[in-house]
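With mmCIF, C-alpha atoms and all ligand atoms inside, this is query_39.cif:
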```cif
data_query
#
loop_
_atom_site.group_PDB
_atom_site.id
_atom_site.type_symbol
_atom_site.label_atom_id
_atom_site.label_comp_id
_atom_site.auth_asym_id
_atom_site.auth_seq_id
_atom_site.Cartn_x
_atom_site.Cartn_y
_atom_site.Cartn_z
ATOM 1 C CA MET R 1389 137.624 95.606 104.047
ATOM 2 C CA GLY R 1390 136.159 98.996 103.200
ATOM 3 C CA PHE R 1391 132.554 100.145 103.299
ATOM 4 C CA VAL R 1392 130.141 99.364 100.459
ATOM 5 C CA ASP R 1393 127.756 102.118 99.350
ATOM 6 C CA LEU R 1394 124.594 100.651 97.815
ATOM 7 C CA HIS R 1395 123.010 104.017 97.067
ATOM 8 C CA SER R 1396 124.536 107.141 95.523
ATOM 9 C CA HIS R 1397 123.978 109.478 92.591
ATOM 10 C CA TRP R 1398 127.443 109.932 91.049
ATOM 11 C CA LEU R 1399 126.435 109.221 87.427
ATOM 12 C CA PRO R 1400 126.268 112.656 85.764
ATOM 13 C CA GLY R 1401 123.376 114.195 83.861
ATOM 14 C CA VAL R 1402 120.739 111.479 84.334
ATOM 15 C CA ASP R 1403 118.825 112.662 87.410
ATOM 16 C CA ASP R 1404 119.089 115.146 90.289
ATOM 17 C CA GLY R 1405 122.550 113.850 91.198
ATOM 18 C CA VAL R 1406 125.865 115.225 89.937
ATOM 19 C CA ARG R 1407 125.732 117.334 86.773
ATOM 20 C CA THR R 1408 129.189 116.789 85.259
ATOM 21 C CA GLU R 1409 131.781 114.056 84.965
ATOM 22 C CA GLN R 1410 134.183 116.125 87.100
ATOM 23 C CA GLU R 1411 131.587 116.390 89.843
ATOM 24 C CA GLY R 1412 130.961 112.629 89.624
ATOM 25 C CA LEU R 1413 134.663 111.893 90.028
ATOM 26 C CA ALA R 1414 134.856 114.332 92.951
ATOM 27 C CA LEU R 1415 131.912 112.570 94.640
ATOM 28 C CA LEU R 1416 133.529 109.143 94.174
ATOM 29 C CA ALA R 1417 136.848 110.438 95.545
ATOM 30 C CA ALA R 1418 135.124 111.974 98.568
ATOM 31 C CA LEU R 1419 133.253 108.714 99.307
ATOM 32 C CA ALA R 1420 136.523 106.763 99.003
ATOM 33 C CA GLN R 1421 138.107 109.195 101.475
ATOM 34 C CA ALA R 1422 135.195 108.577 103.846
ATOM 35 C CA GLY R 1423 135.972 104.836 103.829
ATOM 36 C CA PHE R 1424 133.962 103.383 100.938
ATOM 37 C CA SER R 1425 135.924 100.905 98.806
ATOM 38 C CA GLN R 1426 132.923 100.054 96.604
ATOM 39 C CA VAL R 1427 130.256 102.517 95.424
ATOM 40 C CA ILE R 1428 127.273 101.518 93.294
ATOM 41 C CA ALA R 1429 125.666 104.231 91.165
ATOM 42 C CA THR R 1430 121.892 104.195 91.698
ATOM 43 C CA PRO R 1431 120.318 106.945 89.584
ATOM 44 C CA HIS R 1432 116.560 107.417 89.752
ATOM 45 C CA MET R 1433 114.214 105.456 87.481
ATOM 46 C CA ARG R 1434 110.929 107.286 87.970
ATOM 47 C CA PRO R 1435 108.689 107.484 84.884
ATOM 48 C CA GLY R 1436 107.353 111.018 84.408
ATOM 49 C CA MET R 1437 110.089 112.620 86.522
ATOM 50 C CA PHE R 1438 113.337 110.835 85.674
ATOM 51 C CA ASP R 1439 112.591 108.949 82.465
ATOM 52 C CA ASN R 1440 115.528 106.589 82.636
ATOM 53 C CA ASP R 1441 115.545 103.044 81.374
ATOM 54 C CA ALA R 1442 118.213 100.382 81.817
ATOM 55 C CA ALA R 1443 119.736 100.995 78.371
ATOM 56 C CA ARG R 1444 120.162 104.745 78.885
ATOM 57 C CA LEU R 1445 121.688 104.329 82.329
ATOM 58 C CA THR R 1446 124.007 101.565 81.174
ATOM 59 C CA ALA R 1447 125.201 103.766 78.294
ATOM 60 C CA ALA R 1448 125.851 106.699 80.676
ATOM 61 C CA TYR R 1449 127.733 104.384 83.030
ATOM 62 C CA GLU R 1450 129.877 102.914 80.236
ATOM 63 C CA ALA R 1451 130.633 106.409 78.915
ATOM 64 C CA MET R 1452 132.087 107.381 82.292
ATOM 65 C CA GLN R 1453 134.254 104.284 82.793
ATOM 66 C CA PRO R 1454 137.409 105.617 81.043
ATOM 67 C CA ALA R 1455 137.424 108.698 83.301
ATOM 68 C CA VAL R 1456 136.923 106.573 86.435
ATOM 69 C CA ARG R 1457 139.720 104.213 85.389
ATOM 70 C CA ALA R 1458 142.066 107.137 84.686
ATOM 71 C CA ALA R 1459 141.428 108.987 87.968
ATOM 72 C CA ALA R 1460 143.401 108.380 91.154
ATOM 73 C CA GLY R 1461 141.828 107.344 94.458
ATOM 74 C CA MET R 1462 138.668 105.814 93.008
ATOM 75 C CA PRO R 1463 136.642 103.094 94.734
ATOM 76 C CA GLU R 1464 135.444 100.015 92.867
ATOM 77 C CA VAL R 1465 132.239 100.975 91.057
ATOM 78 C CA GLY R 1466 129.072 99.310 89.808
ATOM 79 C CA LEU R 1467 125.647 100.192 88.413
ATOM 80 C CA ALA R 1468 122.063 99.658 89.541
ATOM 81 C CA CYS R 1469 119.192 102.122 89.862
ATOM 82 C CA GLU R 1470 116.670 103.460 92.359
ATOM 83 C CA HIS R 1471 113.314 102.210 91.069
ATOM 84 C CA PHE R 1472 110.402 104.392 92.167
ATOM 85 C CA LEU R 1473 107.946 101.565 92.796
ATOM 86 C CA THR R 1474 104.886 101.741 90.537
ATOM 87 C CA ASP R 1475 103.091 99.205 88.331
ATOM 88 C CA VAL R 1476 105.351 100.343 85.462
ATOM 89 C CA THR R 1477 108.670 99.898 87.235
ATOM 90 C CA LEU R 1478 107.538 96.670 88.911
ATOM 91 C CA GLU R 1479 106.649 95.259 85.497
ATOM 92 C CA ARG R 1480 110.121 96.234 84.287
ATOM 93 C CA ILE R 1481 111.808 94.530 87.230
ATOM 94 C CA LEU R 1482 109.753 91.340 86.874
ATOM 95 C CA GLY R 1483 110.223 91.343 83.096
ATOM 96 C CA GLY R 1484 114.006 91.700 83.278
ATOM 97 C CA ALA R 1485 114.001 95.352 82.129
ATOM 98 C CA GLY R 1486 114.867 96.834 85.513
ATOM 99 C CA LEU R 1487 118.368 97.536 86.739
ATOM 100 C CA PRO R 1488 119.075 95.332 89.764
ATOM 101 C CA TYR R 1489 122.336 95.321 91.713
ATOM 102 C CA PRO R 1490 125.343 93.676 90.033
ATOM 103 C CA GLY R 1491 124.775 89.929 90.194
ATOM 104 C CA GLY R 1492 121.008 90.370 89.956
ATOM 105 C CA ARG R 1493 120.249 89.189 93.508
ATOM 106 C CA ALA R 1494 118.653 92.396 94.821
ATOM 107 C CA VAL R 1495 116.887 95.510 93.593
ATOM 108 C CA LEU R 1496 116.729 99.017 95.097
ATOM 109 C CA VAL R 1497 113.243 100.512 95.413
ATOM 110 C CA GLU R 1498 111.907 103.780 96.794
ATOM 111 C CA LEU R 1499 108.340 104.732 97.650
ATOM 112 C CA HIS R 1500 106.239 107.866 97.581
ATOM 113 C CA ALA R 1501 107.090 109.969 100.649
ATOM 114 C CA GLU R 1502 103.526 109.910 101.979
ATOM 115 C CA ILE R 1503 101.667 106.977 100.441
ATOM 116 C CA PHE R 1504 102.705 103.346 100.543
ATOM 117 C CA PRO R 1505 101.439 101.554 97.418
ATOM 118 C CA PRO R 1506 98.697 98.954 97.857
ATOM 119 C CA ARG R 1507 99.756 95.303 98.115
ATOM 120 C CA LEU R 1508 103.337 96.304 98.937
ATOM 121 C CA GLU R 1509 103.899 93.271 101.127
ATOM 122 C CA GLY R 1510 102.742 90.986 98.294
ATOM 123 C CA THR R 1511 105.085 92.769 95.876
ATOM 124 C CA PHE R 1512 108.039 92.276 98.202
ATOM 125 C CA PHE R 1513 107.108 88.627 98.646
ATOM 126 C CA GLU R 1514 106.865 88.111 94.885
ATOM 127 C CA LEU R 1515 110.317 89.662 94.339
ATOM 128 C CA SER R 1516 111.825 87.551 97.128
ATOM 129 C CA ARG R 1517 110.225 84.432 95.667
ATOM 130 C CA ARG R 1518 112.034 85.191 92.406
ATOM 131 C CA LYS R 1519 115.307 85.552 94.334
ATOM 132 C CA ILE R 1520 115.485 89.320 93.806
ATOM 133 C CA ARG R 1521 115.580 90.808 97.318
ATOM 134 C CA PRO R 1522 113.832 94.183 97.481
ATOM 135 C CA VAL R 1523 116.045 96.778 99.192
ATOM 136 C CA LEU R 1524 113.960 99.666 100.529
ATOM 137 C CA ALA R 1525 115.702 103.037 100.224
ATOM 138 C CA HIS R 1526 115.593 105.409 103.227
ATOM 139 C CA PRO R 1527 112.602 103.910 105.107
ATOM 140 C CA GLU R 1528 113.180 106.564 107.793
ATOM 141 C CA ARG R 1529 111.990 109.293 105.412
ATOM 142 C CA TYR R 1530 108.451 107.954 104.802
ATOM 143 C CA SER R 1531 105.722 109.616 106.836
ATOM 144 C CA ALA R 1532 103.847 106.309 107.243
ATOM 145 C CA VAL R 1533 106.931 105.044 109.112
ATOM 146 C CA TRP R 1534 106.998 108.146 111.344
ATOM 147 C CA ASP R 1535 103.446 107.329 112.417
ATOM 148 C CA ASP R 1536 104.161 103.645 113.060
ATOM 149 C CA ALA R 1537 107.535 101.983 112.395
ATOM 150 C CA GLU R 1538 105.885 98.579 112.790
ATOM 151 C CA ILE R 1539 104.447 99.081 109.299
ATOM 152 C CA LEU R 1540 107.884 97.886 108.125
ATOM 153 C CA ALA R 1541 107.778 94.545 109.946
ATOM 154 C CA PRO R 1542 105.634 92.706 107.350
ATOM 155 C CA LEU R 1543 107.895 94.065 104.586
ATOM 156 C CA VAL R 1544 110.954 92.635 106.316
ATOM 157 C CA ASP R 1545 109.074 89.357 106.842
ATOM 158 C CA ALA R 1546 108.348 89.344 103.098
ATOM 159 C CA GLY R 1547 112.088 89.469 102.383
ATOM 160 C CA GLY R 1548 112.710 93.216 102.248
ATOM 161 C CA CYS R 1549 116.044 94.690 103.348
ATOM 162 C CA LEU R 1550 115.967 98.151 104.940
ATOM 163 C CA LEU R 1551 118.719 100.560 103.827
ATOM 164 C CA LEU R 1552 119.574 103.476 106.133
ATOM 165 C CA ASP R 1553 120.678 106.798 104.684
ATOM 166 C CA VAL R 1554 123.272 107.617 107.376
ATOM 167 C CA ALA R 1555 122.797 111.377 106.928
ATOM 168 C CA ALA R 1556 119.296 111.006 108.408
ATOM 169 C CA LEU R 1557 121.018 110.558 111.790
ATOM 170 C CA THR R 1558 122.394 114.111 111.537
ATOM 171 C CA GLY R 1559 118.920 115.610 111.126
ATOM 172 C CA LYS R 1560 119.495 116.428 107.450
ATOM 173 C CA TYR R 1561 115.922 115.348 106.564
ATOM 174 C CA GLY R 1562 114.275 116.785 109.651
ATOM 175 C CA ARG R 1563 113.485 115.803 113.190
ATOM 176 C CA ARG R 1564 110.977 113.045 112.420
ATOM 177 C CA ALA R 1565 113.215 111.260 109.898
ATOM 178 C CA ARG R 1566 116.040 111.416 112.419
ATOM 179 C CA ALA R 1567 113.877 110.004 115.224
ATOM 180 C CA ALA R 1568 112.677 107.209 112.914
ATOM 181 C CA ALA R 1569 116.259 106.383 111.896
ATOM 182 C CA GLU R 1570 117.365 106.271 115.540
ATOM 183 C CA HIS R 1571 114.448 104.002 116.431
ATOM 184 C CA LEU R 1572 115.120 101.631 113.517
ATOM 185 C CA VAL R 1573 118.847 101.506 114.409
ATOM 186 C CA ASP R 1574 117.994 100.770 118.053
ATOM 187 C CA GLU R 1575 115.564 98.020 117.034
ATOM 188 C CA GLY R 1576 118.071 96.438 114.634
ATOM 189 C CA PHE R 1577 115.730 96.830 111.654
ATOM 190 C CA TYR R 1578 118.396 97.846 109.105
ATOM 191 C CA GLN R 1579 120.365 95.431 106.951
ATOM 192 C CA ALA R 1580 122.750 98.075 105.558
ATOM 193 C CA ALA R 1581 123.618 101.789 105.550
ATOM 194 C CA CYS R 1582 124.403 104.002 102.563
ATOM 195 C CA SER R 1583 125.278 107.587 101.559
ATOM 196 C CA ASP R 1584 122.505 108.530 99.078
ATOM 197 C CA ALA R 1585 124.970 111.329 98.176
ATOM 198 C CA HIS R 1586 123.943 113.607 95.295
ATOM 199 C CA ARG R 1587 126.876 116.089 95.415
ATOM 200 C CA PRO R 1588 130.496 115.981 96.607
ATOM 201 C CA ASP R 1589 129.464 118.381 99.364
ATOM 202 C CA ASP R 1590 126.946 115.821 100.720
ATOM 203 C CA VAL R 1591 129.837 113.668 101.931
ATOM 204 C CA LYS R 1592 130.409 115.867 104.991
ATOM 205 C CA ASP R 1593 126.916 114.835 106.168
ATOM 206 C CA VAL R 1594 127.734 111.213 105.320
ATOM 207 C CA ARG R 1595 130.868 111.360 107.495
ATOM 208 C CA ALA R 1596 128.892 112.968 110.326
ATOM 209 C CA GLY R 1597 126.171 110.320 109.900
ATOM 210 C CA ILE R 1598 128.698 107.484 110.114
ATOM 211 C CA ALA R 1599 130.051 108.983 113.350
ATOM 212 C CA LYS R 1600 126.485 109.189 114.741
ATOM 213 C CA LEU R 1601 125.852 105.570 113.719
ATOM 214 C CA GLN R 1602 129.038 104.407 115.421
ATOM 215 C CA ALA R 1603 128.166 106.311 118.591
ATOM 216 C CA ARG R 1604 124.601 105.003 118.698
ATOM 217 C CA ALA R 1605 124.939 101.381 117.554
ATOM 218 C CA GLY R 1606 128.554 100.696 118.521
ATOM 219 C CA ARG R 1607 131.523 100.224 116.264
ATOM 220 C CA GLU R 1608 130.819 96.574 115.467
ATOM 221 C CA GLU R 1609 127.192 97.073 114.406
ATOM 222 C CA ALA R 1610 128.110 100.205 112.401
ATOM 223 C CA ASP R 1611 130.806 98.247 110.582
ATOM 224 C CA PHE R 1612 128.289 95.491 109.860
ATOM 225 C CA LEU R 1613 125.785 97.934 108.352
ATOM 226 C CA LEU R 1614 128.468 99.570 106.194
ATOM 227 C CA SER R 1615 130.406 96.445 105.146
ATOM 228 C CA GLU R 1616 129.120 92.922 105.711
ATOM 229 C CA GLY R 1617 125.447 93.910 105.432
ATOM 230 C CA PRO R 1618 125.653 95.459 101.966
ATOM 231 C CA ARG R 1619 128.046 92.722 100.798
ATOM 232 C CA ALA R 1620 125.511 90.085 101.853
ATOM 233 C CA ILE R 1621 122.796 91.913 99.876
ATOM 234 C CA LEU R 1622 124.988 91.871 96.754
ATOM 235 C CA ALA R 1623 125.922 88.210 97.274
ATOM 236 C CA GLY R 1624 122.291 87.172 97.774
ATOM 237 C CA THR R 1625 123.014 85.850 101.278
ATOM 238 C CA ALA R 1626 121.297 88.605 103.314
HETATM 239 FE FE FE R 1701 118.550 108.323 96.173
#
```
Would it be possible to restate this file's structure as structure tokens?
Amino acid sequence: MGFVDLHSHWLPGVDDGVRTEQEGLALLAALAQAGFSQVIATPHMRPGMFDNDAARLTAAYEAMQPAVRAAAGMPEVGLACEHFLTDVTLERILGGAGLPYPGGRAVLVELHAEIFPPRLEGTFFELSRRKIRPVLAHPERYSAVWDDAEILAPLVDAGGCLLLDVAALTGKYGRRARAAAEHLVDEGFYQAACSDAHRPDDVKDVRAGIAKLQARAGREEADFLLSEGPRAILAGTA
């Protein structure tokens, strides 16, 4: 059983991820080489910055399928998106116009780097109540978490799953994000780990991050976060 990547930007030309189909295929191949047998594309949906909607992203994904099928060494693929959580994107998710993970049991959300939105716990609870588990992207990168990691506890209690970007463990996002990631790994806060890769070249940091995770948490826990954890999120059993 290979790893499952719940967060990467291999769909070309829709956000700050890869720019061409060739680059997208190269990113998928590199992730497969690093051990991922399933890789979900999660381009940004952030009104005003990345004006993607579900229809546009689905069309871009479908357009790339022939190239993925024709290439050698590809992982299994799927489509979701990284919803920047605002009233607009929340309304889309609740109204069925978001782009949840395949199967519709969970949805990837990211927050502003410095400000957690008001009523976040209530939002997570509402999503969980509707059987759409909120998956919080890279909690280790938010400054509110650097100040007090316990701010995440009520979100987890409200049904949220925390998704580690493994490259944070290498120091790629700075000292504080790395310290937060180490703390959250040590405390067992994460449900899964991902690449959040935007370029083929990012995969060297992903490989280094996986090695750090294995050294810190042990092989068994690292395997859980990269395999069973993300599979449980997709299956709705997390
Ligand atoms: Fe991302």
Sort by chain and increasing residue number a table of all residues of chain R within 9 Å of ligand FE 1701 (chain R), each with its closest pair of atoms and their distance in Å to one decimal, counting only C-alpha atoms and all ligand atoms, and write it as CSV.
```
residue,atom,partner,partner_atom,distance
R:His1395,CA,R:FE1701,FE,6.3
R:Ser1396,CA,R:FE1701,FE,6.1
R:His1397,CA,R:FE1701,FE,6.6
R:Gly1405,CA,R:FE1701,FE,8.4
R:Thr1430,CA,R:FE1701,FE,6.9
R:Pro1431,CA,R:FE1701,FE,7.0
R:His1432,CA,R:FE1701,FE,6.8
R:Cys1469,CA,R:FE1701,FE,8.9
R:Glu1470,CA,R:FE1701,FE,6.5
R:Glu1498,CA,R:FE1701,FE,8.1
R:Ala1525,CA,R:FE1701,FE,7.2
R:His1526,CA,R:FE1701,FE,8.2
R:Asp1553,CA,R:FE1701,FE,8.9
R:Ser1583,CA,R:FE1701,FE,8.6
R:Asp1584,CA,R:FE1701,FE,4.9
R:Ala1585,CA,R:FE1701,FE,7.4
R:His1586,CA,R:FE1701,FE,7.6
```
Which residues, written as an MDAnalysis selection string, have at least one atom at most 8 Å from Pro1522 of chain R, with all atoms listed in the file counted and residues fewer than 6 positions away on the same chain left out? chainID R and resid 1494:1497 1512 1515:1516 1547:1549
Quick one: residues within 6 Å of (138.4, 101.9, 101.0) (file frame), counting all atoms listed in the file, please, as a PDB file with C-alpha atoms, in the frame of the given file.
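Generated output (part.pdb):
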```pdb
ATOM      1  CA  GLY R1390     136.159  98.996 103.200  1.00  0.00           C
ATOM      2  CA  ALA R1420     136.523 106.763  99.003  1.00  0.00           C
ATOM      3  CA  GLY R1423     135.972 104.836 103.829  1.00  0.00           C
ATOM      4  CA  PHE R1424     133.962 103.383 100.938  1.00  0.00           C
ATOM      5  CA  SER R1425     135.924 100.905  98.806  1.00  0.00           C
TER       6      SER R1425
END
```
Step by step, work through what the PyMOL selection byres (((chain R and resi 1407-1413) around 10) and not hetatm) selects in the shown file, and finish by giving those residues as a PyMOL selection string. chain R and resi 1397-1406+1414-1419+1451-1452+1455-1456+1459-1462+1586-1589
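Using all atoms listed in the file, the nearest neighbour of Gly1559 of chain R within the list R:Glu1528, R:Asp1536, R:Asp1545, R:Asp1574 is R:Glu1528.
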My structure is short of atoms at segment 1562-1574 of chain R; please model N, CA and C atoms there, returning them as an mmCIF file, keeping the file's coordinate frame.
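Saved to part24.cif:
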```
data_model
loop_
_atom_site.group_PDB
_atom_site.id
_atom_site.type_symbol
_atom_site.label_atom_id
_atom_site.label_comp_id
_atom_site.auth_asym_id
_atom_site.auth_seq_id
_atom_site.Cartn_x
_atom_site.Cartn_y
_atom_site.Cartn_z
ATOM 1 N N GLY R 1562 115.249 116.337 108.657
ATOM 2 C CA GLY R 1562 114.275 116.785 109.651
ATOM 3 C C GLY R 1562 114.256 115.901 110.890
ATOM 4 N N ARG R 1563 113.537 116.419 111.860
ATOM 5 C CA ARG R 1563 113.485 115.803 113.190
ATOM 6 C C ARG R 1563 112.810 114.431 113.179
ATOM 7 N N ARG R 1564 111.727 114.311 112.390
ATOM 8 C CA ARG R 1564 110.977 113.045 112.420
ATOM 9 C C ARG R 1564 111.740 111.928 111.714
ATOM 10 N N ALA R 1565 112.405 112.270 110.602
ATOM 11 C CA ALA R 1565 113.215 111.260 109.898
ATOM 12 C C ALA R 1565 114.375 110.813 110.793
ATOM 13 N N ARG R 1566 114.948 111.764 111.522
ATOM 14 C CA ARG R 1566 116.040 111.416 112.419
ATOM 15 C C ARG R 1566 115.558 110.501 113.552
ATOM 16 N N ALA R 1567 114.413 110.839 114.136
ATOM 17 C CA ALA R 1567 113.877 110.004 115.224
ATOM 18 C C ALA R 1567 113.553 108.604 114.708
ATOM 19 N N ALA R 1568 112.998 108.522 113.490
ATOM 20 C CA ALA R 1568 112.677 107.209 112.914
ATOM 21 C C ALA R 1568 113.957 106.411 112.673
ATOM 22 N N ALA R 1569 114.991 107.070 112.150
ATOM 23 C CA ALA R 1569 116.259 106.383 111.896
ATOM 24 C C ALA R 1569 116.857 105.862 113.202
ATOM 25 N N GLU R 1570 116.813 106.694 114.242
ATOM 26 C CA GLU R 1570 117.365 106.271 115.540
ATOM 27 C C GLU R 1570 116.599 105.060 116.074
ATOM 28 N N HIS R 1571 115.278 105.114 115.955
ATOM 29 C CA HIS R 1571 114.448 104.002 116.431
ATOM 30 C C HIS R 1571 114.768 102.715 115.661
ATOM 31 N N LEU R 1572 114.870 102.827 114.338
ATOM 32 C CA LEU R 1572 115.120 101.631 113.517
ATOM 33 C C LEU R 1572 116.528 101.079 113.754
ATOM 34 N N VAL R 1573 117.497 101.967 114.033
ATOM 35 C CA VAL R 1573 118.847 101.506 114.409
ATOM 36 C C VAL R 1573 118.772 100.762 115.740
ATOM 37 N N ASP R 1574 118.087 101.376 116.717
ATOM 38 C CA ASP R 1574 117.994 100.770 118.053
ATOM 39 C C ASP R 1574 117.316 99.402 118.003
#
```
